[in-house]
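In what follows, a structure is listed as structure tokens, so that the remarks can point back to it.
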Amino acid sequence: MKEIYYWSPCLSKIGTVSSTINSAIGLSKYGKYKVSIINVCGEWDIYKKKFSDNKIDVIDFPIKFYKYLPKEGYIRSRISYLVIFLFSFFPLINLLKKRAPKFLIIHLITSLPLLLLILFKIDTKVILRISGLPKLNSLRKIYWKYVSGKIYKVTTPTKSLLNYLEKENIFKKEKLFFLPDAMINLKNFLYSKVNNKNVDLELTKEKYFIAVGRLTKQKNFKYLIDEFHNFCNKNNDYNLLIFGNGEEKRRLFYQIQRKKLSNKIFLMGFSNNIDFYMKKSSAFILSSLWEEPGAVLIEAAMNNTFIISSDCPYGPSEFLNLGEFGSLYKNNSKNDLGNKIFEFVNNTKEMKKKIIGAKRNCIKYTMFRHYLNLIKILN
């Protein structure tokens, strides 16, 4: 039986967590593979029962220091990545040398396994996952170009990112593959649709828009609040619920207070009931500066929620078929989002006809479809 290891040291509950879990479960459930997750510093401890239930092994590295690592802030998180890099160097090379799995799929902190490819002779075939908005500075280009010959395959979650990498000519074209994330576990989704535990039912009685994501610069919630403020000047019938935690929470809280919108915009924190809130919402708003297309975008489509999204790179416009399956506004452009919200409110019946196209597009993001695409790459 072929062994496949996943390397994805996640600091927080980002989309990569669910896509990694579902990808591993799909390979274990539908394929004849022995699947293992490398638990670098304890970041996967809370998912061990889920892995065990799905016959996925967890390979623990010696030192559990996850709870001591800073999780938020650009500089602090980079310090955490450096600590993980240093503490994982020898355990990872020892693991690959001793067990020599057939494949190693790498998602995050990919610089370490790539460095090991350069320094040591490794029999394992490494599959590099490139997501989000890769910062292709000169150093990274040189690094990827240098190690590209030792990488087995490279996958991307969007066709637009794949085309971008092709133009940069870092990897050979035959090594690049489009592989949508395994974002939808239908069993979990069906349960979450009826789970209203710990839901603020009073808020769901009002008309509201919903936004979801970590409170970071990437998600651009500052811009969303400004645009919603402008919308409220024209229409004061709706609230805005923002779900998520992150380093910008305090700044966003004071911004809402300055705008005198404390009774209109609510910072909801983290919730396990996003699907319930999405179903009840008027529309989902994505204000990100970049996405891939993002788990919450797909969740919104699955919940038959109309989507208003920025046309940011690399995923939303591709997922919404250039606006055919939702509403796109110019990324970070003043008044453009506010106008799109107003346009939706005044033409809701016609706009909602676009929902079915977005939901159909979700098929490629199911766990089973991801598995079918991935085994083609592995073979």
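Residues are referred to by chain and number: the chain letter is A, B, ... according to the order shown in the structure tokens, the number counts from 1 in that chain, and ligands are numbered separately from 1 in the order shown.
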
Mind checking DSSP for region 14-108 of chain A and telling me the alpha helix (DSSP H) residues as an MDAnalysis selection string?
-> chainID A and resid 15:30 48:53 74:99

Write out the residues from the selection above, keeping N, CA and C atoms, as a CSV table (one decimal), in the first residue's frame.
chain,number,residue,atom,x,y,z
A,15,GLY,N,-8.5,28.3,6.0
A,15,GLY,CA,-9.1,27.4,5.1
A,15,GLY,C,-8.2,26.2,4.8
A,16,THR,N,-6.8,26.4,4.9
A,16,THR,CA,-5.9,25.3,4.6
A,16,THR,C,-6.1,24.1,5.6
A,17,VAL,N,-6.6,24.4,6.8
A,17,VAL,CA,-6.9,23.3,7.7
A,17,VAL,C,-7.9,22.4,7.2
A,18,SER,N,-9.1,22.9,6.8
A,18,SER,CA,-10.2,22.1,6.4
A,18,SER,C,-9.9,21.4,5.0
A,19,SER,N,-9.2,22.1,4.1
A,19,SER,CA,-8.8,21.5,2.9
A,19,SER,C,-7.8,20.4,3.0
A,20,THR,N,-6.9,20.5,4.0
A,20,THR,CA,-5.9,19.5,4.3
A,20,THR,C,-6.6,18.2,4.8
A,21,ILE,N,-7.5,18.5,5.8
A,21,ILE,CA,-8.2,17.4,6.5
A,21,ILE,C,-9.1,16.6,5.4
A,22,ASN,N,-9.8,17.4,4.6
A,22,ASN,CA,-10.7,16.7,3.7
A,22,ASN,C,-9.9,16.0,2.6
A,23,SER,N,-8.8,16.6,2.2
A,23,SER,CA,-8.0,15.9,1.2
A,23,SER,C,-7.5,14.6,1.7
A,24,ALA,N,-7.0,14.6,3.0
A,24,ALA,CA,-6.5,13.4,3.6
A,24,ALA,C,-7.6,12.3,3.8
A,25,ILE,N,-8.7,12.8,4.2
A,25,ILE,CA,-9.9,11.9,4.4
A,25,ILE,C,-10.3,11.2,3.1
A,26,GLY,N,-10.3,12.0,2.1
A,26,GLY,CA,-10.7,11.5,0.7
A,26,GLY,C,-9.8,10.4,0.3
A,27,LEU,N,-8.5,10.6,0.4
A,27,LEU,CA,-7.5,9.6,0.0
A,27,LEU,C,-7.7,8.3,0.8
A,28,SER,N,-7.9,8.5,2.1
A,28,SER,CA,-8.0,7.4,3.0
A,28,SER,C,-9.3,6.6,2.7
A,29,LYS,N,-10.4,7.4,2.5
A,29,LYS,CA,-11.7,6.8,2.4
A,29,LYS,C,-11.9,6.1,1.0
A,30,TYR,N,-11.5,6.8,-0.1
A,30,TYR,CA,-11.9,6.3,-1.4
A,30,TYR,C,-10.7,5.5,-2.1
A,48,LYS,N,-7.2,14.7,16.3
A,48,LYS,CA,-6.7,13.3,16.3
A,48,LYS,C,-7.9,12.3,16.3
A,49,LYS,N,-9.0,12.6,16.9
A,49,LYS,CA,-10.1,11.7,16.9
A,49,LYS,C,-10.7,11.6,15.5
A,50,LYS,N,-10.8,12.7,14.8
A,50,LYS,CA,-11.3,12.8,13.5
A,50,LYS,C,-10.4,11.9,12.5
A,51,PHE,N,-9.1,12.1,12.7
A,51,PHE,CA,-8.2,11.3,11.9
A,51,PHE,C,-8.3,9.8,12.2
A,52,SER,N,-8.4,9.5,13.5
A,52,SER,CA,-8.5,8.1,13.9
A,52,SER,C,-9.8,7.5,13.3
A,53,ASP,N,-10.9,8.2,13.3
A,53,ASP,CA,-12.1,7.7,12.8
A,53,ASP,C,-12.0,7.4,11.3
A,74,TYR,N,1.8,39.9,11.6
A,74,TYR,CA,2.7,39.4,10.5
A,74,TYR,C,4.1,39.0,11.1
A,75,ILE,N,4.7,39.9,11.9
A,75,ILE,CA,6.0,39.7,12.4
A,75,ILE,C,6.0,38.5,13.4
A,76,ARG,N,5.0,38.5,14.3
A,76,ARG,CA,4.9,37.4,15.3
A,76,ARG,C,4.7,36.0,14.7
A,77,SER,N,3.8,36.0,13.6
A,77,SER,CA,3.6,34.7,13.0
A,77,SER,C,4.8,34.2,12.2
A,78,ARG,N,5.6,35.2,11.7
A,78,ARG,CA,6.9,34.8,11.0
A,78,ARG,C,7.9,34.2,12.0
A,79,ILE,N,7.9,34.8,13.2
A,79,ILE,CA,8.8,34.2,14.2
A,79,ILE,C,8.4,32.8,14.5
A,80,SER,N,7.0,32.5,14.6
A,80,SER,CA,6.5,31.2,14.8
A,80,SER,C,6.9,30.2,13.7
A,81,TYR,N,6.9,30.7,12.5
A,81,TYR,CA,7.2,29.9,11.3
A,81,TYR,C,8.7,29.5,11.4
A,82,LEU,N,9.5,30.5,11.8
A,82,LEU,CA,11.0,30.3,11.9
A,82,LEU,C,11.3,29.2,13.0
A,83,VAL,N,10.5,29.3,14.1
A,83,VAL,CA,10.7,28.3,15.2
A,83,VAL,C,10.3,26.9,14.7
A,84,ILE,N,9.2,26.8,14.0
A,84,ILE,CA,8.8,25.5,13.5
A,84,ILE,C,9.8,25.0,12.5
A,85,PHE,N,10.4,25.9,11.7
A,85,PHE,CA,11.4,25.5,10.7
A,85,PHE,C,12.6,24.9,11.4
A,86,LEU,N,13.1,25.6,12.4
A,86,LEU,CA,14.3,25.1,13.1
A,86,LEU,C,14.1,23.8,13.9
A,87,PHE,N,13.0,23.7,14.6
A,87,PHE,CA,12.7,22.6,15.4
A,87,PHE,C,12.3,21.3,14.6
A,88,SER,N,11.9,21.6,13.3
A,88,SER,CA,11.4,20.4,12.5
A,88,SER,C,12.5,19.9,11.6
A,89,PHE,N,13.6,20.6,11.4
A,89,PHE,CA,14.6,20.2,10.4
A,89,PHE,C,15.0,18.8,10.5
A,90,PHE,N,15.6,18.4,11.7
A,90,PHE,CA,16.1,17.1,11.8
A,90,PHE,C,15.0,16.0,12.0
A,91,PRO,N,13.9,16.3,12.7
A,91,PRO,CA,12.8,15.3,12.7
A,91,PRO,C,12.2,15.0,11.4
A,92,LEU,N,12.1,16.0,10.5
A,92,LEU,CA,11.5,15.7,9.2
A,92,LEU,C,12.5,14.9,8.3
A,93,ILE,N,13.7,15.3,8.3
A,93,ILE,CA,14.7,14.5,7.4
A,93,ILE,C,14.8,13.1,7.9
A,94,ASN,N,14.9,12.9,9.2
A,94,ASN,CA,15.0,11.6,9.8
A,94,ASN,C,13.7,10.7,9.4
A,95,LEU,N,12.6,11.4,9.5
A,95,LEU,CA,11.3,10.7,9.1
A,95,LEU,C,11.3,10.3,7.6
A,96,LEU,N,11.7,11.2,6.8
A,96,LEU,CA,11.7,10.9,5.3
A,96,LEU,C,12.8,9.8,5.0
A,97,LYS,N,13.9,9.9,5.7
A,97,LYS,CA,15.0,8.9,5.4
A,97,LYS,C,14.6,7.5,5.9
A,98,LYS,N,13.9,7.5,7.1
A,98,LYS,CA,13.6,6.2,7.7
A,98,LYS,C,12.4,5.5,7.1
A,99,ARG,N,11.4,6.3,6.8
A,99,ARG,CA,10.1,5.7,6.4
A,99,ARG,C,10.0,5.8,4.8

Please provide as a ChimeraX atom specification all residues within 9 Å of region 343-345 of chain A, with the sequence filter that same-chain residues fewer than 2 positions apart are discarded (counting only C-alpha atoms).
-> /A:235,282-283,308,327,338-341,347-352

Just-selected residues, C-alpha atoms written as a short mmCIF file (atom, residue, chain, number, x, y, z; two decimals), in the first residue's frame:
data_model
loop_
_atom_site.label_atom_id
_atom_site.label_comp_id
_atom_site.auth_asym_id
_atom_site.auth_seq_id
_atom_site.Cartn_x
_atom_site.Cartn_y
_atom_site.Cartn_z
CA ASN A 235 -30.72 52.31 3.17
CA SER A 282 -29.66 38.41 2.62
CA ALA A 283 -26.23 38.04 0.96
CA ILE A 308 -21.12 39.94 -3.57
CA SER A 327 -21.94 40.22 -8.18
CA GLY A 338 -21.50 50.18 -1.55
CA ASN A 339 -23.08 50.63 -4.97
CA LYS A 340 -23.16 46.86 -5.57
CA ILE A 341 -24.93 46.29 -2.23
CA ASN A 347 -33.01 44.19 -7.63
CA THR A 348 -32.92 41.19 -5.27
CA LYS A 349 -35.33 38.96 -7.18
CA GLU A 350 -33.38 39.17 -10.44
CA MET A 351 -29.99 38.95 -8.71
CA LYS A 352 -30.89 35.76 -6.86
#

All strand (DSSP E or B) residues (DSSP, backbone) inside region 276-314 of chain A, as a CSV table (one decimal) with N, CA and C atoms, in the first residue's frame:
chain,number,residue,atom,x,y,z
A,283,ALA,N,-27.3,38.3,1.9
A,283,ALA,CA,-26.2,38.0,1.0
A,283,ALA,C,-24.9,37.9,1.7
A,284,PHE,N,-24.0,37.2,1.1
A,284,PHE,CA,-22.6,37.1,1.7
A,284,PHE,C,-21.7,38.1,0.9
A,285,ILE,N,-20.9,38.8,1.7
A,285,ILE,CA,-20.0,39.8,1.1
A,285,ILE,C,-18.5,39.4,1.4
A,286,LEU,N,-17.7,39.3,0.3
A,286,LEU,CA,-16.3,39.0,0.4
A,286,LEU,C,-15.6,40.3,0.0
A,291,GLU,N,-7.8,36.0,-2.6
A,291,GLU,CA,-8.4,34.8,-2.2
A,291,GLU,C,-8.1,33.7,-3.2
A,307,ILE,N,-23.9,36.0,-3.5
A,307,ILE,CA,-22.5,36.4,-3.2
A,307,ILE,C,-22.2,37.7,-3.9
A,308,ILE,N,-21.7,38.7,-3.1
A,308,ILE,CA,-21.1,39.9,-3.6
A,308,ILE,C,-19.6,39.9,-3.2
A,309,SER,N,-18.8,39.9,-4.2
A,309,SER,CA,-17.3,39.7,-4.0
A,309,SER,C,-16.5,40.7,-4.7
A,310,SER,N,-15.3,41.0,-4.2
A,310,SER,CA,-14.3,41.7,-4.9
A,310,SER,C,-13.7,40.9,-6.0
A,314,TYR,N,-6.9,35.2,-6.5
A,314,TYR,CA,-7.0,34.6,-7.8
A,314,TYR,C,-8.3,33.8,-8.0
